[in-house]
file data_19.cif (mmCIF, C-alpha atoms)
data_target
loop_
_atom_site.label_atom_id
_atom_site.label_comp_id
_atom_site.auth_asym_id
_atom_site.auth_seq_id
_atom_site.Cartn_x
_atom_site.Cartn_y
_atom_site.Cartn_z
CA MET A 298 -6.38 225.01 180.91
CA ASN A 299 -6.28 221.38 179.74
CA ASN A 300 -3.99 218.39 179.76
CA PHE A 301 -5.92 216.32 177.22
CA ASP A 302 -5.64 215.74 173.50
CA ILE A 303 -8.92 217.29 172.40
CA PRO A 304 -9.97 216.74 168.78
CA ALA A 305 -11.23 219.52 166.53
CA THR A 306 -14.54 217.78 165.75
CA MET A 307 -16.97 215.44 167.49
CA ARG A 308 -19.97 213.24 166.82
CA ALA A 309 -23.37 214.56 167.88
CA ILE A 310 -27.05 213.74 167.35
CA SER A 311 -28.81 216.57 165.54
CA GLN A 312 -31.96 217.23 163.55
CA ASP A 313 -32.85 219.66 160.78
CA ILE A 314 -36.63 219.40 161.09
CA LEU A 315 -39.21 218.58 163.75
CA GLY A 316 -40.75 215.13 163.70
CA GLY A 317 -40.51 211.57 164.92
CA PRO A 318 -37.35 209.74 165.97
CA GLU A 319 -36.43 209.28 162.31
CA VAL A 320 -35.43 212.97 162.03
CA LEU A 321 -32.45 212.38 164.34
CA ARG A 322 -29.12 211.88 162.62
CA GLU A 323 -25.47 211.60 163.54
CA VAL A 324 -23.41 214.61 162.46
CA GLU A 325 -19.89 215.95 162.87
CA LEU A 326 -19.58 219.29 164.64
CA PRO A 327 -16.73 221.39 166.03
CA VAL A 328 -15.81 220.63 169.62
CA PRO A 329 -16.98 223.62 171.69
CA GLN A 330 -14.54 225.69 173.72
CA PRO A 331 -15.22 226.53 177.37
CA GLY A 332 -15.81 230.18 178.09
CA PRO A 333 -15.30 231.98 181.40
CA SER A 334 -16.60 229.93 184.34
CA GLU A 335 -17.28 226.96 182.04
CA ILE A 336 -15.90 223.45 181.77
CA LEU A 337 -15.51 221.19 178.74
CA VAL A 338 -16.74 217.68 179.49
CA ARG A 339 -15.98 214.53 177.55
CA VAL A 340 -19.46 212.99 177.66
CA ARG A 341 -19.58 209.35 178.73
CA ALA A 342 -23.35 209.12 179.07
CA THR A 343 -26.39 211.35 178.64
CA ALA A 344 -29.94 210.54 179.71
CA LEU A 345 -33.18 211.25 177.90
CA ASN A 346 -36.21 212.96 179.39
CA PRO A 347 -39.72 213.62 178.07
CA THR A 348 -38.62 217.16 177.24
CA ASP A 349 -36.21 215.68 174.67
CA TRP A 350 -38.87 213.94 172.60
CA LYS A 351 -41.29 216.84 172.98
CA HIS A 352 -38.73 219.34 171.68
CA ARG A 353 -37.76 216.91 168.93
CA ALA A 354 -41.35 216.77 167.66
CA VAL A 355 -43.22 219.93 168.58
CA SER A 356 -42.72 223.59 167.73
CA GLY A 357 -43.63 226.43 170.06
CA LEU A 358 -41.81 225.05 173.09
CA PHE A 359 -38.73 226.72 174.55
CA LEU A 360 -36.22 226.21 171.75
CA PRO A 361 -36.08 227.95 168.38
CA ALA A 362 -36.51 225.95 165.20
CA PRO A 363 -33.87 223.28 164.44
CA PRO A 364 -31.16 222.46 163.68
CA PHE A 365 -30.18 221.71 167.25
CA VAL A 366 -28.58 219.07 169.44
CA LEU A 367 -30.82 218.05 172.31
CA GLY A 368 -29.90 216.69 175.73
CA TRP A 369 -29.43 218.24 179.17
CA ASP A 370 -28.15 215.39 181.35
CA VAL A 371 -24.37 214.89 181.39
CA ALA A 372 -21.96 212.47 183.03
CA GLY A 373 -18.33 212.43 182.02
CA GLU A 374 -14.85 213.74 182.54
CA VAL A 375 -13.61 217.32 182.65
CA VAL A 376 -11.02 217.79 179.89
CA ALA A 377 -10.60 221.58 179.96
CA THR A 378 -11.62 224.54 182.09
CA GLY A 379 -12.39 228.10 181.14
CA TYR A 380 -11.11 231.26 182.78
CA GLY A 381 -11.93 231.56 186.47
CA VAL A 382 -12.97 227.96 187.17
CA THR A 383 -11.76 226.81 190.58
CA VAL A 384 -14.12 223.99 191.56
CA PHE A 385 -12.97 221.43 188.95
CA ALA A 386 -9.81 220.49 187.10
CA PRO A 387 -9.13 218.31 184.06
CA GLY A 388 -9.50 214.69 185.02
CA ASP A 389 -12.40 215.19 187.45
CA GLU A 390 -15.42 212.97 186.86
CA VAL A 391 -18.61 215.04 187.05
CA PHE A 392 -22.34 214.91 186.43
CA GLY A 393 -24.90 217.65 186.07
CA MET A 394 -27.69 219.31 184.15
CA LEU A 395 -26.97 221.88 181.47
CA PRO A 396 -28.98 225.06 182.16
CA TYR A 397 -32.56 224.33 181.18
CA PRO A 398 -33.93 225.01 178.61
CA TYR A 399 -31.37 226.89 176.52
CA GLY A 400 -28.22 225.00 177.54
CA HIS A 401 -29.07 221.88 175.55
CA GLY A 402 -26.47 219.92 173.60
CA ALA A 403 -25.55 216.87 175.70
CA ALA A 404 -26.20 214.30 172.95
CA ALA A 405 -22.62 214.65 171.75
CA GLU A 406 -19.09 213.53 172.53
CA TYR A 407 -18.19 216.86 174.16
CA VAL A 408 -20.22 219.61 175.78
CA THR A 409 -19.55 222.85 177.65
CA GLY A 410 -21.50 224.14 180.60
CA PRO A 411 -21.21 226.34 183.69
CA ALA A 412 -18.86 224.71 186.19
CA ARG A 413 -21.37 225.21 188.97
CA ALA A 414 -24.07 223.31 187.11
CA PHE A 415 -22.09 220.17 187.95
CA ALA A 416 -21.04 218.12 190.95
CA ARG A 417 -18.42 215.41 191.34
CA LYS A 418 -19.69 211.99 190.34
CA PRO A 419 -20.06 209.72 193.38
CA ILE A 420 -17.59 206.86 193.15
CA ASN A 421 -20.34 204.29 193.73
CA LEU A 422 -22.12 205.35 190.51
CA ASN A 423 -21.02 204.49 187.00
CA HIS A 424 -21.49 207.06 184.24
CA VAL A 425 -24.80 205.58 183.07
CA GLU A 426 -26.26 205.77 186.57
CA ALA A 427 -24.90 209.28 187.10
CA ALA A 428 -26.29 210.54 183.79
CA ALA A 429 -29.75 209.28 184.72
CA ILE A 430 -29.98 211.54 187.76
CA PRO A 431 -29.63 215.30 187.03
CA LEU A 432 -32.69 216.73 185.27
CA ALA A 433 -35.28 214.36 186.67
CA ALA A 434 -33.90 214.23 190.20
CA LEU A 435 -33.27 217.99 190.31
CA THR A 436 -36.89 218.52 189.27
CA ALA A 437 -38.07 216.29 192.09
CA TYR A 438 -35.68 217.88 194.60
CA GLN A 439 -36.63 221.44 193.70
CA ALA A 440 -40.34 220.55 193.81
CA LEU A 441 -40.23 218.78 197.16
CA VAL A 442 -37.42 220.46 199.06
CA ASP A 443 -37.07 223.99 197.69
CA THR A 444 -40.71 224.63 196.78
CA ALA A 445 -42.89 222.45 199.04
CA LYS A 446 -40.35 222.21 201.90
CA VAL A 447 -41.57 218.70 202.66
CA ARG A 448 -40.87 217.44 206.16
CA ALA A 449 -41.21 214.31 208.24
CA GLY A 450 -44.73 213.05 208.81
CA GLN A 451 -46.29 214.83 205.84
CA ARG A 452 -48.37 212.97 203.28
CA VAL A 453 -46.94 213.29 199.76
CA LEU A 454 -48.74 212.23 196.59
CA VAL A 455 -46.48 211.52 193.60
CA HIS A 456 -48.19 211.02 190.25
CA ALA A 457 -46.53 208.78 187.64
CA ALA A 458 -44.38 207.53 190.50
CA ALA A 459 -42.55 204.93 188.40
CA GLY A 460 -41.44 207.50 185.81
CA GLY A 461 -38.24 209.48 185.57
CA VAL A 462 -39.16 212.31 187.92
CA GLY A 463 -41.58 210.20 189.92
CA HIS A 464 -39.20 207.49 191.10
CA PHE A 465 -36.74 210.14 192.29
CA ALA A 466 -39.52 212.09 194.01
CA VAL A 467 -40.49 208.97 195.94
CA GLN A 468 -36.94 208.46 197.19
CA ILE A 469 -36.42 212.11 198.11
CA ALA A 470 -39.73 212.31 199.98
CA LYS A 471 -38.98 209.08 201.85
CA SER A 472 -35.51 210.33 202.78
CA ARG A 473 -37.17 213.28 204.49
CA GLY A 474 -39.53 211.11 206.49
CA ALA A 475 -42.71 211.61 204.48
CA TYR A 476 -45.57 209.14 203.99
CA VAL A 477 -45.63 208.59 200.22
CA ILE A 478 -48.59 207.73 198.03
CA GLY A 479 -47.78 206.89 194.41
CA THR A 480 -49.95 206.47 191.34
CA ALA A 481 -48.88 203.95 188.71
CA SER A 482 -50.23 201.05 186.68
CA ALA A 483 -50.45 197.73 188.51
CA PRO A 484 -47.37 196.12 186.89
CA ASN A 485 -45.21 198.88 188.42
CA HIS A 486 -46.51 198.49 191.97
CA PRO A 487 -43.80 196.01 193.09
CA PHE A 488 -41.11 198.44 191.89
CA LEU A 489 -42.68 201.28 193.85
CA ARG A 490 -42.91 199.18 197.00
CA GLU A 491 -39.22 198.40 196.65
CA LEU A 492 -38.59 202.16 196.64
CA GLY A 493 -40.57 202.49 199.87
CA VAL A 494 -43.93 203.82 198.65
CA ASP A 495 -46.39 203.46 201.52
CA GLU A 496 -49.58 203.41 199.47
CA VAL A 497 -49.93 202.61 195.76
CA ILE A 498 -52.90 203.64 193.62
CA ASP A 499 -53.63 202.01 190.25
CA TYR A 500 -54.70 204.99 188.18
CA ARG A 501 -56.30 202.68 185.60
CA THR A 502 -58.82 201.22 188.02
CA THR A 503 -59.08 203.76 190.85
CA ASP A 504 -60.15 207.40 190.90
CA PHE A 505 -57.47 208.90 193.12
CA THR A 506 -59.71 211.84 194.03
CA THR A 507 -62.02 209.46 195.90
CA ALA A 508 -59.25 207.27 197.34
CA ILE A 509 -56.98 209.97 198.73
CA ARG A 510 -57.62 212.80 201.17
CA ASP A 511 -55.67 215.23 203.37
CA VAL A 512 -52.48 215.21 201.33
CA ASP A 513 -49.89 217.85 202.25
CA VAL A 514 -47.89 217.88 199.00
CA VAL A 515 -48.60 216.77 195.44
CA VAL A 516 -45.95 216.44 192.72
CA ASP A 517 -47.71 216.27 189.35
CA PRO A 518 -45.90 215.75 186.01
CA LEU A 519 -49.09 214.90 184.09
CA GLY A 520 -50.76 218.21 183.23
CA MET A 521 -53.84 220.35 183.71
CA GLU A 522 -56.59 217.79 184.32
CA SER A 523 -54.53 215.86 186.84
CA VAL A 524 -53.39 219.03 188.60
CA LEU A 525 -56.94 220.31 189.00
CA ASN A 526 -58.09 216.98 190.36
CA SER A 527 -55.09 216.85 192.69
CA VAL A 528 -56.05 220.17 194.28
CA ARG A 529 -59.17 218.46 195.62
CA THR A 530 -57.10 215.87 197.51
CA VAL A 531 -54.97 218.41 199.40
CA ARG A 532 -55.68 219.61 202.90
CA PRO A 533 -56.12 223.37 203.42
CA GLY A 534 -52.68 224.94 203.50
CA GLY A 535 -51.11 222.20 201.41
CA ILE A 536 -49.42 222.61 198.03
CA VAL A 537 -49.66 221.17 194.52
CA VAL A 538 -46.55 221.49 192.34
CA SER A 539 -47.24 221.13 188.62
CA LEU A 540 -44.26 220.23 186.47
CA LEU A 541 -46.04 221.00 183.19
CA PRO A 542 -47.45 224.30 181.90
CA CYS A 543 -51.01 224.95 183.10
CA ASP A 544 -53.76 227.52 182.75
CA ALA A 545 -52.52 229.63 185.65
CA ALA A 546 -55.77 231.56 186.14
CA LEU A 547 -57.91 228.41 186.25
CA LEU A 548 -55.46 226.62 188.52
CA SER A 549 -55.22 229.59 190.88
CA ALA A 550 -59.01 229.89 191.10
CA GLU A 551 -59.44 226.20 191.90
CA ALA A 552 -56.66 226.29 194.48
CA GLU A 553 -58.10 229.38 196.15
CA LYS A 554 -61.49 227.68 196.51
CA CYS A 555 -59.81 224.84 198.39
CA SER A 556 -57.44 227.07 200.41
CA VAL A 557 -54.53 225.34 198.71
CA ARG A 558 -51.35 226.72 197.17
CA ALA A 559 -50.72 225.65 193.56
CA VAL A 560 -47.58 226.48 191.60
CA VAL A 561 -46.03 225.65 188.23
CA MET A 562 -42.31 224.86 188.42
CA LEU A 563 -39.52 224.74 185.84
CA VAL A 564 -36.27 223.01 186.80
CA GLU A 565 -33.14 225.16 187.10
CA ALA A 566 -29.44 224.30 186.98
CA ASP A 567 -28.36 224.24 190.61
CA HIS A 568 -24.94 223.37 192.08
CA ALA A 569 -26.29 223.06 195.63
CA GLY A 570 -29.09 220.80 194.48
CA MET A 571 -26.69 218.64 192.47
CA GLN A 572 -24.41 218.34 195.49
CA ALA A 573 -27.35 217.29 197.66
CA LEU A 574 -28.26 214.62 195.10
CA ALA A 575 -24.63 213.49 194.89
CA ASP A 576 -24.54 213.12 198.68
CA MET A 577 -27.78 211.12 198.67
CA ALA A 578 -26.47 208.84 195.93
CA ALA A 579 -23.17 208.35 197.73
CA GLU A 580 -25.07 207.32 200.86
CA GLY A 581 -27.28 204.91 198.93
CA ALA A 582 -30.44 206.95 199.54
CA LEU A 583 -30.94 207.77 195.85
CA ARG A 584 -30.63 205.23 193.06
CA PRO A 585 -31.71 205.61 189.46
CA ALA A 586 -33.74 202.98 187.68
CA ILE A 587 -32.35 202.41 184.19
CA ALA A 588 -35.03 201.49 181.65
CA GLY A 589 -32.48 200.88 178.89
CA THR A 590 -29.18 201.98 177.41
CA PHE A 591 -28.36 202.73 173.78
CA PRO A 592 -25.15 203.85 172.06
CA LEU A 593 -25.20 207.47 170.94
CA ALA A 594 -25.60 206.43 167.31
CA GLU A 595 -28.89 204.69 168.19
CA ALA A 596 -30.51 207.76 169.75
CA ALA A 597 -33.53 207.35 167.45
CA LYS A 598 -34.26 203.91 168.94
CA ALA A 599 -34.12 205.36 172.44
CA HIS A 600 -36.45 208.20 171.44
CA ALA A 601 -38.90 205.71 169.92
CA LEU A 602 -39.01 203.81 173.20
CA GLY A 603 -39.44 207.05 175.13
CA ASP A 604 -42.32 208.03 172.88
CA THR A 605 -44.32 205.06 174.18
CA GLY A 606 -44.54 206.63 177.64
CA ARG A 607 -44.24 203.18 179.19
CA THR A 608 -40.70 203.12 180.49
CA VAL A 609 -39.85 202.70 184.17
CA GLY A 610 -37.05 205.04 185.18
CA LYS A 611 -34.63 206.52 182.66
CA LEU A 612 -33.28 205.85 179.16
CA VAL A 613 -29.56 206.57 178.73
CA LEU A 614 -27.29 207.07 175.71
CA THR A 615 -23.71 205.90 176.12
CA VAL A 616 -20.78 207.57 174.41
CA PRO A 617 -17.83 205.15 174.02
#

call {"tool": "encode", "arguments": {"input": "data_19.cif", "output": "structure tokens"}}
result
Amino acid sequence: MNNFDIPATMRAISQDILGGPEVLREVELPVPQPGPSEILVRVRATALNPTDWKHRAVSGLFLPAPPFVLGWDVAGEVVATGYGVTVFAPGDEVFGMLPYPYGHGAAAEYVTGPARAFARKPINLNHVEAAAIPLAALTAYQALVDTAKVRAGQRVLVHAAAGGVGHFAVQIAKSRGAYVIGTASAPNHPFLRELGVDEVIDYRTTDFTTAIRDVDVVVDPLGMESVLNSVRTVRPGGIVVSLLPCDAALLSAEAEKCSVRAVVMLVEADHAGMQALADMAAEGALRPAIAGTFPLAEAAKAHALGDTGRTVGKLVLTVP
């Protein structure tokens, strides 16, 4: 059902080939229709994540060859519901993550997705702030809460703690009573202390493997070398959660030698997780850092900034 005047076509950011930000272009596409258990959302903002620029540029990842519309983070307004949807109605303001990786398409004026991939937008967040949360914060939540089951008093090491996933991981770990150690370059240390990081390591000047010991949980978005080194900082019985693909056999062998558990995690769409994040945000326990905002038509500029790997927090595209 719907009570809105929905156009036949919409603007979206697409690409026909892989490459740099210059391959992105604004196109006109049909507005999708919600299927059973789906909602149609008028997108007000969509955030970018490293997976966006990687899929834009590199073949052999999860998606088939272009053309495609990237984007997984959504904040906006429900304008229509498909058959069987009971949790939302037209007019509801929502935010969520489209099912990763194949549910992409958020860099557009309208998008469909499973109703239960979304939660109601907290009233204390605007659409830009809400859009910045889903993929990165869900990744952190599923790594720390669902996978590592972090609890009060544990020592948690968060690599790239000022980044998209990292700054959410810090807040989630602190909300559960953990002692948090974060790695970041020196200019980002004040930001991390504001978030509540207990101990900050400058990865440019300090070898964290010699500075840190007896960690219970590591969240690592950096890759194989960092994950292997992180195993050596964890106490027996602790866990390392890698957020990037790794050589599973090599990682398992290293972890076994140290009596440590090591896993590779891929974020999943998750209504319960989104609701938990919504509750945290509503209570002021979770706040996104916005590195910059760009109108949808300037997606290439946002991608170029993301490519530098030097942003603090999240980049967000706004859809007027």

call {"tool": "resolve_selection", "arguments": {"input": "data_19.cif", "expression": "the PyMOL selection byres ((chain A and resi 405-410) around 8)", "output": "JSON, numbers by chain"}}
result
{"A": [307, 308, 309, 310, 328, 329, 330, 331, 335, 336, 337, 338, 339, 340, 341, 366, 395, 396, 400, 402, 403, 404, 411, 412, 414, 593, 616]}

call {"tool": "closest_residue", "arguments": {"input": "data_19.cif", "among": "A:Val531, A:Leu541, A:Ala481, A:Val497", "to": "Leu563 (chain A)", "atoms": "all atoms listed in the file"}}
result
A:Leu541

call {"tool": "residues_around", "arguments": {"input": "data_19.cif", "residues": "Val560 (chain A)", "least_positions_apart": "5", "cutoff": "9 Å", "atoms": "all atoms listed in the file", "output": "list in words"}}
result
Thr444, Ile536, Val537, Val538, Ser539, Leu540, Ala545, Leu548 and Ser549 of chain A

call {"tool": "write_last_selection", "arguments": {"input": "data_19.cif", "atoms": "C-alpha atoms", "output": "compact mmCIF listing (two decimals), in the frame of the given file"}}
result
# COMPACT_ATOMS: atom_id res chain seq x y z
CA THR A 444 -40.71 224.63 196.78
CA ILE A 536 -49.42 222.61 198.03
CA VAL A 537 -49.66 221.17 194.52
CA VAL A 538 -46.55 221.49 192.34
CA SER A 539 -47.24 221.13 188.62
CA LEU A 540 -44.26 220.23 186.47
CA ALA A 545 -52.52 229.63 185.65
CA LEU A 548 -55.46 226.62 188.52
CA SER A 549 -55.22 229.59 190.88

call {"tool": "atom_distance", "arguments": {"input": "data_19.cif", "atom1": "CA of Leu519 (chain A)", "atom2": "CA of Phe359 (chain A)"}}
result
18.4 Å

call {"tool": "closest_residue", "arguments": {"input": "data_19.cif", "among": "A:Glu496, A:Tyr476, A:Ala599, A:Leu454", "to": "Val528 (chain A)", "atoms": "all atoms listed in the file"}}
result
A:Leu454

call {"tool": "resolve_selection", "arguments": {"input": "data_19.cif", "expression": "the PyMOL selection byres ((chain A and resi 382) around 8)", "output": "list in words"}}
result
Pro333, Ser334, Glu335, Ile336, Thr378, Gly379, Tyr380, Gly381, Thr383, Val384, Phe385 and Ala412 of chain A

call {"tool": "write_last_selection", "arguments": {"input": "data_19.cif", "atoms": "C-alpha atoms", "output": "mmCIF file, in the coordinates of the input"}}
result
data_model
loop_
_atom_site.group_PDB
_atom_site.id
_atom_site.type_symbol
_atom_site.label_atom_id
_atom_site.label_comp_id
_atom_site.auth_asym_id
_atom_site.auth_seq_id
_atom_site.Cartn_x
_atom_site.Cartn_y
_atom_site.Cartn_z
ATOM 1 C CA PRO A 333 -15.300 231.980 181.400
ATOM 2 C CA SER A 334 -16.600 229.930 184.340
ATOM 3 C CA GLU A 335 -17.280 226.960 182.040
ATOM 4 C CA ILE A 336 -15.900 223.450 181.770
ATOM 5 C CA THR A 378 -11.620 224.540 182.090
ATOM 6 C CA GLY A 379 -12.390 228.100 181.140
ATOM 7 C CA TYR A 380 -11.110 231.260 182.780
ATOM 8 C CA GLY A 381 -11.930 231.560 186.470
ATOM 9 C CA THR A 383 -11.760 226.810 190.580
ATOM 10 C CA VAL A 384 -14.120 223.990 191.560
ATOM 11 C CA PHE A 385 -12.970 221.430 188.950
ATOM 12 C CA ALA A 412 -18.860 224.710 186.190
#
